[in-house]
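Student: Structure below; questions to follow.
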Amino acid sequence: MAAAEGIADGTFERAFAFIGAGGHHAGRDYFGGYCCYNDVVIAIAHLRATRGIRRFAILDTDAHHGDGTRDLTEQDPAVLHVCICGASYTSPDGTKVDVPLPAALWRGTGDPDALYIETAEAAFAERAAAFRPDLTVWYFGFDGHRGDYGDMGLSARCFLGLADLACRVADEASGGRLLTVLGGGSRTDLATALIPPVIERLGRRLAEA
Ligand SMILES: [Zn+2]
Ligand SMILES: [Zn+2]
C-alpha cells in the first residue's frame with residue numbers, strides 16, 4: 001500500500017514491493033498457491049478509493065496463470081492484465097490476455113531468456129501504450145528460473161531484461177509510474193542472487209541502462 005501510495009502521490013516514480021507471500025492466485029472467494037490476499041488488486045482498489053486513479057496495466061511474469069488476479073479484474077475494463085503463462089486467450093475487449101511461449105523455449109532450441117523477453121515485449125508493450133494506464137504494475141515472479149518450481153530454463157539475464165522492459169513500458173505508457181510486486185519463487189539462493197540486481201536495475205534512469 002505504501003509503495004502504491006508513494007507512486008500515486010509523486011513521492012517516487014518506481015517502487016519494489018518486497019512481499020514474502022504470493023498474491024496472484026487469490027481470487028474473490030478463494031485462495032491458493034500460498035497466495036492469501038491479492039496484493040496487486042488490493043492496491044488497485046485502494047488507489048481508486050483514495051487517490052482517484054482508475055487505469056492499471058499489469059504484466060504478470062510469474063510462471064503460472066494469475067487466476068486470482070483474472071477473477072478479480074475480469075469484469076473491469078480499466079485493468080489490462082497480460083499474463084505470460086503459456087495459455088492462449090484474449091478477452092473480447094482485449095484487456096485480458098494470456099500469452100503462449102514459443103515452442104523453441106520448451107524444446108530448448110533457442111535462448112530461453114531472449115525468447116521470453118521477446119514474448120513479453122510483443123504481448124505487453126504496444127497494448128500498454130495504447131491502453132494509457134495511470135500506473136504500470138510488474139508482477140515479478142522468478143519461479144520460472146532454472147531449478148525453481150516453475151522452471152522454464154530462465155536465468156538472471158531474463159529478469160534483468162524484464163525489469164528494463166517494465167521501466168521502458170512504464171515510461172511510455174504511464175508517465176514512468178511503475179510498481180513492481182514480488183511474486184512466485186521459492187529458492188533462497190535465487191532470491192538472494194536475483195532480487196538485489198533487479199531492484200538496482202529498477203533504480204536506474206533508462207539513459208544509464
Ligand atoms: Zn508461480
Ligand atoms: Zn494466464
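How things are named: the first chain in the C-alpha cells is A, the next is B, and so on; residues count from 1 in each chain; ligands count from 1 in the order shown.
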Let's see if you can do this: from backbone DSSP, list all alpha helix (DSSP H) residues in segment 11-200 of chain A, as number ranges by chain.
Tutor: A: 39-51, 67-73, 103-107, 112-131, 156-173, 188-200
Student: List every residue of chain A that has an atom at most 8 Å from any atom of ligand 1, and for each one report the closest atom pair and its distance in Å to one decimal, counting only C-alpha atoms and all ligand atoms, with rows sorted by chain and then by increasing residue number, as a tab-separated table.
Tutor:
residue	atom	partner	partner_atom_place_in_ligand_line	distance
A:Gly33	CA	ligand 1	1 (Zn)	7.8
A:Asp62	CA	ligand 1	1 (Zn)	4.8
A:Ala63	CA	ligand 1	1 (Zn)	4.7
A:His64	CA	ligand 1	1 (Zn)	4.3
A:His65	CA	ligand 1	1 (Zn)	7.4
A:Gly141	CA	ligand 1	1 (Zn)	6.3
A:Phe142	CA	ligand 1	1 (Zn)	7.8
A:Asp143	CA	ligand 1	1 (Zn)	5.6
A:Gly144	CA	ligand 1	1 (Zn)	7.5
A:Tyr149	CA	ligand 1	1 (Zn)	7.9
A:Gly150	CA	ligand 1	1 (Zn)	6.3
A:Gly183	CA	ligand 1	1 (Zn)	7.0
A:Gly184	CA	ligand 1	1 (Zn)	4.5
A:Gly185	CA	ligand 1	1 (Zn)	6.8
Student: If the limit is 7 Å from any atom of ligand 2, counting only C-alpha atoms and all ligand atoms, which residues qualify? Return them as number ranges by chain.
Tutor: A: 64-67, 83-87, 98-99
Student: Tell me which of A:Leu194, A:Ala130, A:Cys167, A:Val181 sits closest to Leu154 of chain A, counting only C-alpha atoms.
Tutor: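 Result for the nearest residue to Leu154 of chain A: A:Leu194.
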Student: Given the choices A:Asp93, A:Glu200, A:Asp111, A:Glu5, which gets closest to His46 of chain A if the distance is worked out from only C-alpha atoms?
Tutor: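 Checking each of A:Asp93, A:Glu200, A:Asp111, A:Glu5 against His46 of chain A, counting only C-alpha atoms, the winner is A:Glu5.
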Student: Can you pull out the residues contacting Gly203 of chain A? Cut-off 9 Å, using only C-alpha atoms, and skip same-chain residues under 5 positions away; I want them as a list in words.
Tutor: Arg14, Ala15 and Val198 of chain A
Student: Go ahead and save the picked residues with all heavy atoms, as an mmCIF file, in the first residue's frame.
Tutor:
data_model
loop_
_atom_site.group_PDB
_atom_site.id
_atom_site.type_symbol
_atom_site.label_atom_id
_atom_site.label_comp_id
_atom_site.auth_asym_id
_atom_site.auth_seq_id
_atom_site.Cartn_x
_atom_site.Cartn_y
_atom_site.Cartn_z
ATOM 1 N N ARG A 14 9.071 4.875 -9.147
ATOM 2 C CA ARG A 14 9.070 3.408 -9.193
ATOM 3 C C ARG A 14 9.229 2.873 -7.782
ATOM 4 O O ARG A 14 9.896 3.489 -6.950
ATOM 5 C CB ARG A 14 10.233 2.886 -10.039
ATOM 6 C CG ARG A 14 10.226 3.378 -11.467
ATOM 7 C CD ARG A 14 11.481 2.867 -12.181
ATOM 8 N NE ARG A 14 11.633 3.487 -13.495
ATOM 9 C CZ ARG A 14 12.806 3.600 -14.138
ATOM 10 N NH1 ARG A 14 13.914 3.133 -13.580
ATOM 11 N NH2 ARG A 14 12.874 4.166 -15.315
ATOM 12 N N ALA A 15 8.637 1.712 -7.555
ATOM 13 C CA ALA A 15 8.795 1.086 -6.242
ATOM 14 C C ALA A 15 8.820 -0.428 -6.412
ATOM 15 O O ALA A 15 8.256 -0.977 -7.370
ATOM 16 C CB ALA A 15 7.648 1.486 -5.321
ATOM 17 N N VAL A 198 17.775 -6.826 -9.580
ATOM 18 C CA VAL A 198 16.544 -6.332 -10.210
ATOM 19 C C VAL A 198 16.168 -4.978 -9.615
ATOM 20 O O VAL A 198 15.821 -4.038 -10.336
ATOM 21 C CB VAL A 198 15.391 -7.359 -10.064
ATOM 22 C CG1 VAL A 198 14.036 -6.715 -10.340
ATOM 23 C CG2 VAL A 198 15.604 -8.542 -11.007
#
Student: Quick check for you: according to DSSP on this backbone, which residues of segment 23-197 of chain A are classed as strand (DSSP E)? Reply as a PyMOL selection string.
Tutor: chain A and resi 56-60+79-83+89-90+96-98+135-140+178-182
Student: For each of A:Asp164, A:Leu47, A:Arg201, A:Leu80, take the minimum atom-to-atom distance to Ile7 of chain A, counting only C-alpha atoms, then give the residue where this is smallest.
Tutor: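 Looking only at the distances to Ile7 of chain A, the closest residue turns out to be A:Leu47.
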